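Below is input23.txt, which holds compact mmCIF, C-alpha atoms and all ligand atoms.
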```
# COMPACT_ATOMS: atom_id res chain seq x y z
CA LYS A 1 0.00 0.00 0.00
CA PRO A 2 1.22 3.55 -0.67
CA ALA A 3 2.15 5.62 2.38
CA LEU A 4 -0.11 8.40 1.15
CA GLU A 5 -2.60 8.60 -1.66
CA VAL A 6 -4.55 11.65 -2.78
CA LEU A 7 -7.57 10.97 -5.01
CA ASP A 8 -9.50 13.54 -7.11
CA LEU A 9 -9.06 16.25 -4.52
CA ASP A 10 -10.92 19.54 -5.01
CA PHE A 11 -10.76 22.46 -2.62
CA SER A 12 -11.90 26.08 -2.48
CA TYR A 13 -11.76 28.59 0.39
CA ILE A 14 -14.64 30.49 -1.21
CA THR A 15 -17.36 28.64 -3.15
CA GLY A 16 -16.89 29.01 -6.89
CA LYS A 17 -13.22 29.94 -6.64
CA PRO A 18 -11.30 26.64 -6.91
CA ILE A 19 -7.85 26.59 -5.32
CA LEU A 20 -7.04 22.92 -6.02
CA SER A 21 -8.73 20.83 -8.73
CA ASP A 22 -8.51 17.11 -9.30
CA ILE A 23 -5.24 16.64 -7.43
CA HIS A 24 -4.19 13.01 -7.47
CA PHE A 25 -0.92 11.30 -6.64
CA ARG A 26 0.50 8.46 -4.57
CA ILE A 27 3.62 8.39 -2.46
CA ASN A 28 5.36 5.14 -1.60
CA LYS A 29 6.89 4.33 1.76
CA GLY A 30 10.43 5.63 2.09
CA GLU A 31 10.22 8.01 -0.85
CA MET A 32 11.73 11.49 -0.75
CA LEU A 33 9.82 13.71 -3.09
CA ALA A 34 9.10 17.32 -3.86
CA ILE A 35 5.83 19.12 -4.37
CA VAL A 36 6.79 22.09 -6.48
CA GLY A 37 5.08 25.20 -7.76
CA LYS A 38 5.34 28.97 -7.75
CA ASN A 39 4.01 31.14 -4.95
CA GLY A 40 0.23 30.85 -4.68
CA ALA A 41 0.03 27.55 -6.61
CA GLY A 42 -1.73 25.82 -3.70
CA LYS A 43 1.13 23.89 -2.06
CA SER A 44 0.53 24.95 1.55
CA THR A 45 -3.21 24.45 1.05
CA LEU A 46 -2.48 20.88 0.01
CA SER A 47 -0.36 20.22 3.11
CA ASN A 48 -3.10 21.74 5.31
CA LEU A 49 -5.64 19.39 3.71
CA ILE A 50 -3.41 16.38 4.34
CA CYS A 51 -2.95 17.38 8.00
CA GLY A 52 -6.68 18.04 8.48
CA PHE A 53 -6.58 21.80 9.22
CA ILE A 54 -9.03 22.22 6.34
CA HIS A 55 -11.24 19.72 4.51
CA PRO A 56 -11.66 18.91 0.82
CA ASP A 57 -14.86 19.69 -1.13
CA HIS A 58 -14.43 16.43 -2.98
CA GLY A 59 -11.95 13.57 -3.09
CA LYS A 60 -10.07 11.43 -0.63
CA ILE A 61 -6.81 11.21 1.25
CA LEU A 62 -5.64 7.71 2.13
CA LEU A 63 -2.96 6.90 4.69
CA ASN A 64 -1.60 3.37 4.27
CA GLY A 65 -4.70 2.58 2.23
CA SER A 66 -7.26 3.93 4.71
CA ASP A 67 -9.40 7.02 4.20
CA ILE A 68 -8.52 9.63 6.85
CA ALA A 69 -11.55 11.92 6.32
CA ASP A 70 -12.83 11.19 9.84
CA LYS A 71 -9.46 11.52 11.56
CA SER A 72 -8.80 14.60 13.68
CA ILE A 73 -5.75 16.83 13.37
CA LYS A 74 -4.30 15.13 16.44
CA GLU A 75 -4.89 11.61 15.12
CA ARG A 76 -3.31 12.49 11.77
CA GLY A 77 -0.43 14.07 13.65
CA GLU A 78 0.54 10.68 15.08
CA ALA A 79 1.45 9.52 11.58
CA ILE A 80 2.09 12.72 9.64
CA GLY A 81 4.39 15.43 10.97
CA LEU A 82 4.24 18.89 9.41
CA VAL A 83 7.23 21.21 9.70
CA MET A 84 6.00 24.71 8.95
CA GLN A 85 8.00 27.27 7.04
CA ASN A 86 9.01 29.47 9.94
CA PRO A 87 10.45 27.70 13.02
CA ASN A 88 9.68 30.73 15.14
CA GLN A 89 5.96 30.03 14.59
CA MET A 90 6.34 26.47 15.83
CA ILE A 91 8.54 26.91 18.88
CA SER A 92 6.70 27.74 22.10
CA LYS A 93 9.15 26.79 24.88
CA PRO A 94 12.26 28.76 25.87
CA MET A 95 14.44 25.66 26.38
CA ILE A 96 15.40 23.19 23.64
CA PHE A 97 14.74 20.11 25.74
CA ASP A 98 11.27 21.30 26.77
CA GLU A 99 10.35 22.16 23.20
CA VAL A 100 11.26 18.71 21.87
CA ALA A 101 9.61 17.03 24.89
CA LEU A 102 6.32 18.93 24.54
CA GLY A 103 4.37 16.47 22.37
CA LEU A 104 5.32 13.54 24.59
CA ARG A 105 4.51 15.36 27.82
CA VAL A 106 1.11 16.42 26.44
CA ARG A 107 0.39 12.75 25.80
CA GLY A 108 1.33 11.82 29.35
CA VAL A 109 4.45 9.85 28.49
CA PRO A 110 6.44 9.13 31.71
CA GLU A 111 9.31 11.56 32.27
CA GLU A 112 12.00 8.84 32.15
CA GLU A 113 10.82 7.78 28.69
CA VAL A 114 10.51 11.41 27.61
CA LYS A 115 14.17 11.98 28.46
CA GLU A 116 15.28 8.89 26.59
CA ARG A 117 13.29 9.69 23.45
CA VAL A 118 14.20 13.38 23.42
CA TYR A 119 17.93 12.64 23.79
CA GLU A 120 17.78 10.08 21.01
CA LYS A 121 16.20 12.55 18.58
CA LEU A 122 18.47 15.41 19.68
CA LYS A 123 21.42 13.15 18.79
CA ILE A 124 19.95 12.32 15.36
CA CYS A 125 19.41 16.02 14.73
CA GLY A 126 22.93 17.01 15.83
CA LEU A 127 21.54 18.98 18.77
CA TYR A 128 22.59 16.82 21.71
CA PRO A 129 25.47 19.12 22.74
CA PHE A 130 22.88 21.91 23.07
CA ARG A 131 20.35 19.88 25.06
CA ASN A 132 20.43 22.31 28.02
CA TRP A 133 20.57 25.47 25.93
CA PRO A 134 17.84 28.05 25.37
CA VAL A 135 16.31 28.06 21.89
CA SER A 136 17.25 31.73 21.55
CA ALA A 137 20.96 30.81 21.41
CA LEU A 138 20.52 28.83 18.18
CA SER A 139 20.92 29.80 14.54
CA PHE A 140 17.93 29.69 12.18
CA GLY A 141 19.12 26.36 10.74
CA GLN A 142 19.49 24.88 14.23
CA LYS A 143 16.01 26.12 15.22
CA LYS A 144 14.67 24.42 12.12
CA ARG A 145 16.27 21.20 13.35
CA VAL A 146 14.66 21.69 16.79
CA THR A 147 11.26 21.80 15.08
CA ILE A 148 12.16 18.67 13.11
CA ALA A 149 13.32 16.92 16.33
CA SER A 150 10.07 17.89 18.08
CA ILE A 151 8.17 16.15 15.31
CA LEU A 152 10.49 13.13 14.97
CA VAL A 153 10.07 12.41 18.66
CA MET A 154 6.46 11.43 17.85
CA ASN A 155 7.80 8.80 15.42
CA PRO A 156 5.84 9.94 12.35
CA GLU A 157 5.73 7.77 9.24
CA ILE A 158 5.62 10.79 6.98
CA LEU A 159 7.40 14.10 7.35
CA ILE A 160 6.08 17.08 5.37
CA LEU A 161 8.31 20.14 5.22
CA ASP A 162 6.88 23.40 3.88
CA GLU A 163 9.70 25.37 2.21
CA PRO A 164 12.44 23.82 4.39
CA THR A 165 15.19 26.03 3.04
CA ALA A 166 13.32 29.33 2.73
CA GLY A 167 15.36 32.30 3.86
CA GLN A 168 18.51 30.29 4.57
CA ASP A 169 21.98 30.95 3.27
CA TYR A 170 23.69 28.30 1.17
CA ARG A 171 25.51 26.64 4.09
CA HIS A 172 22.38 26.17 6.18
CA TYR A 173 20.46 25.16 3.12
CA THR A 174 22.91 22.36 2.34
CA GLU A 175 23.06 21.39 6.02
CA ILE A 176 19.29 20.98 6.22
CA MET A 177 19.01 19.06 2.96
CA GLU A 178 21.85 16.68 3.77
CA PHE A 179 20.25 16.12 7.14
CA LEU A 180 16.83 15.29 5.61
CA LYS A 181 18.46 12.91 3.16
CA HIS A 182 20.19 11.23 6.09
CA LEU A 183 16.85 10.85 7.93
CA ASN A 184 15.25 9.39 4.85
CA GLU A 185 18.07 6.91 4.32
CA THR A 186 18.67 5.85 7.92
CA LEU A 187 15.15 5.95 9.43
CA GLY A 188 13.25 5.18 6.22
CA ILE A 189 10.87 8.09 6.86
CA THR A 190 8.81 9.18 3.86
CA ILE A 191 9.72 12.79 3.18
CA ILE A 192 7.61 15.31 1.26
CA MET A 193 9.30 18.62 0.55
CA ILE A 194 7.14 21.51 -0.48
CA THR A 195 9.23 23.96 -2.41
CA HIS A 196 9.46 26.51 -5.20
CA ASP A 197 13.17 25.77 -5.48
CA MET A 198 14.19 23.86 -8.57
CA HIS A 199 17.74 23.26 -7.34
CA LEU A 200 16.37 21.53 -4.27
CA MET A 201 14.22 19.10 -6.20
CA LEU A 202 16.98 18.26 -8.68
CA GLU A 203 19.64 17.58 -6.09
CA TYR A 204 17.75 15.79 -3.40
CA THR A 205 14.52 14.20 -4.57
CA ASP A 206 13.59 11.13 -6.60
CA ARG A 207 10.35 12.56 -7.90
CA ALA A 208 8.61 15.89 -8.30
CA ILE A 209 4.91 16.64 -8.33
CA VAL A 210 4.28 19.99 -9.97
CA ILE A 211 1.28 22.16 -9.17
CA ALA A 212 0.34 25.23 -11.21
CA ASP A 213 -2.81 27.28 -10.59
CA GLY A 214 -4.21 24.50 -8.42
CA GLU A 215 -3.74 21.77 -11.02
CA LEU A 216 -1.28 18.92 -11.03
CA ILE A 217 0.65 19.35 -14.26
CA ALA A 218 3.51 16.86 -13.81
CA ASP A 219 4.53 13.86 -11.72
CA ASP A 220 7.92 12.65 -12.86
CA LYS A 221 11.65 12.49 -12.22
CA PRO A 222 12.95 16.01 -11.46
CA ALA A 223 15.25 16.09 -14.50
CA LYS A 224 12.32 15.21 -16.78
CA VAL A 225 10.12 17.86 -15.23
CA LEU A 226 12.77 20.50 -15.81
CA THR A 227 13.40 19.53 -19.44
CA ASN A 228 9.68 19.62 -20.22
CA GLU A 229 9.44 23.21 -21.55
CA ALA A 230 5.67 23.47 -21.23
CA VAL A 231 5.69 22.32 -17.61
CA ALA A 232 8.72 24.39 -16.58
CA ASP A 233 7.25 27.51 -18.18
CA ARG A 234 3.83 27.10 -16.61
CA ALA A 235 5.29 26.41 -13.16
CA TYR A 236 7.89 29.23 -13.55
CA LEU A 237 10.54 26.70 -12.55
CA LYS A 238 13.27 28.36 -14.58
CA LYS A 239 12.83 31.70 -12.86
CA THR A 240 13.46 30.23 -9.43
CA SER A 241 16.85 28.73 -10.24
CA LEU A 242 19.68 29.54 -7.87
CA TYR A 243 21.89 29.96 -10.92
CA ASP A 244 19.89 32.77 -12.56
P1 LIG A 301 1.52 28.22 -1.99
O1 LIG A 301 1.78 27.55 -0.67
O2 LIG A 301 1.73 27.33 -3.17
O3 LIG A 301 2.26 29.51 -2.13
P2 LIG A 301 -1.15 28.59 -0.92
O4 LIG A 301 -1.68 27.23 -0.74
O5 LIG A 301 -0.67 29.31 0.27
O6 LIG A 301 -0.04 28.58 -2.06
O7 LIG A 301 -2.27 29.50 -1.60
C1 LIG A 301 -3.01 29.06 -2.74
C2 LIG A 301 -4.08 30.10 -3.07
O8 LIG A 301 -5.05 30.11 -2.02
C3 LIG A 301 -3.57 31.51 -3.21
O9 LIG A 301 -4.27 32.14 -4.24
C4 LIG A 301 -3.90 32.13 -1.86
O10 LIG A 301 -4.11 33.52 -2.01
C5 LIG A 301 -5.19 31.43 -1.51
N1 LIG A 301 -5.38 31.30 -0.05
C6 LIG A 301 -4.49 30.78 0.83
N2 LIG A 301 -4.98 30.77 2.10
C7 LIG A 301 -6.24 31.31 2.00
C8 LIG A 301 -7.29 31.58 2.94
N3 LIG A 301 -7.14 31.28 4.24
N4 LIG A 301 -8.44 32.12 2.47
C9 LIG A 301 -8.60 32.42 1.16
N5 LIG A 301 -7.65 32.20 0.21
C10 LIG A 301 -6.49 31.66 0.62
MG MG A 302 -12.75 16.63 -9.50
MG MG A 303 3.12 28.01 0.82
```
Using structure tokens, write down the structure from this file.
Amino acid sequence: KPALEVLDLDFSYITGKPILSDIHFRINKGEMLAIVGKNGAGKSTLSNLICGFIHPDHGKILLNGSDIADKSIKERGEAIGLVMQNPNQMISKPMIFDEVALGLRVRGVPEEEVKERVYEKLKICGLYPFRNWPVSALSFGQKKRVTIASILVMNPEILILDEPTAGQDYRHYTEIMEFLKHLNETLGITIIMITHDMHLMLEYTDRAIVIADGELIADDKPAKVLTNEAVADRAYLKKTSLYD
């Protein structure tokens, strides 16, 4: 069964003004793929639909073959972790340890187990040396990793990252991408990267799903997407190259 399947999905915020139309794709377990499109294409809307913050007008979302229409945000969150664009919007605790521990503590996990699981994920995320530091002492890239650790600690099957490299310089950008690739390869987590960055999808993903004006216009290997003139033009992929 695919890890995630989206079938004939339609969505509009305002009746009669479609934002997403007939979106359909499947993602296999352990894949690392990109959902690409220019600003306003509907990428964040799609991730919000998957996580249950909003609901489709038509169509289905299947997780491991089961329809999740009736699942709450919290229930979906056990399997699907969403890392939002700005870490500062996600972090609510002053101390790194407390931030990563939050989800477990809310669920009443015993403190001994909390410590064990938080330390394990801090190690994976390269943050263990900072375990007793305040969040405010970290760089943007490190804060991003704190938000990733706080989601990994819940052991999600799927990790969705909305614009993971937005606003980062090249060093942090590479650091984050290498780290995600490592997570995908070592933990086998399915990773969905939402991005407008063509370089990102070429370098790090196996497959790219392209959305333009709310429609899915390509689902193919990144190199093929980029060499398809009609698709690249419609999705403005060329204009977002780092090499322009
Ligand atoms: P992307 O993440 O690809 O930049 P979004 O999913 O954020 O695109 O937005 C898709 C479209 O939906 C845009 O036209 C945007 O203006 C519109 N939109 C986003 N959020 C809302 C909202 N809460 N209410 C009405 N329209 C919205
Ligand atoms: Mg339809
Ligand atoms: Mg967005």
Considering only C-alpha atoms, return as a tab-separated table (two decimals) with C-alpha atoms, in the frame of the given file whatever protein or nucleic-acid residues lie within 6 Å of range 206-218 of chain A, sequence-local ones (same chain, fewer than 6 positions apart) excluded.
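What follows is the written file selection.tsv:
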```
chain	number	residue	atom	x	y	z
A	19	ILE	CA	-7.85	26.59	-5.32
A	20	LEU	CA	-7.04	22.92	-6.02
A	21	SER	CA	-8.73	20.83	-8.73
A	23	ILE	CA	-5.24	16.64	-7.43
A	33	LEU	CA	9.82	13.71	-3.09
A	34	ALA	CA	9.10	17.32	-3.86
A	35	ILE	CA	5.83	19.12	-4.37
A	36	VAL	CA	6.79	22.09	-6.48
A	37	GLY	CA	5.08	25.20	-7.76
A	41	ALA	CA	0.03	27.55	-6.61
A	42	GLY	CA	-1.73	25.82	-3.70
A	235	ALA	CA	5.29	26.41	-13.16
```
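Residue nearest Leu200 in chain A within the list A:Ala137, A:Leu102, A:Leu63, A:Met32: A:Met32 [criterion: smallest interatomic distance, only C-alpha atoms].
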Neighbouring residues of ligand MG 303 (chain A) are defined here as those with any atom at most 10 Å from a ligand atom, counting all atoms listed in the file; list them as a list in words.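 After applying the 10 Å limit, what remains is Gly37, Lys38, Asn39, Gly40, Ala41, Gly42, Lys43, Ser44, Thr45, Leu46, Ser47, Asn48, Met84, Gln85, Asp162, Glu163, Ile194, Thr195 and His196 of chain A.
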Using all atoms listed in the file: which of A:Gly108, A:Pro164, A:Pro134, A:Gly103 has the shortest distance to Ser150 in chain A: A:Gly103
Could you tell me how far CA of Phe53 in chain A sits from CA of His172 in chain A, in Å to one decimal place?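 So the two atoms, CA of His172 in chain A and CA of Phe53 in chain A, lie 29.4 Å apart.
For the pair CA of Ile151 in chain A and CA of Glu99 in chain A, the interatomic distance is 10.2 Å.
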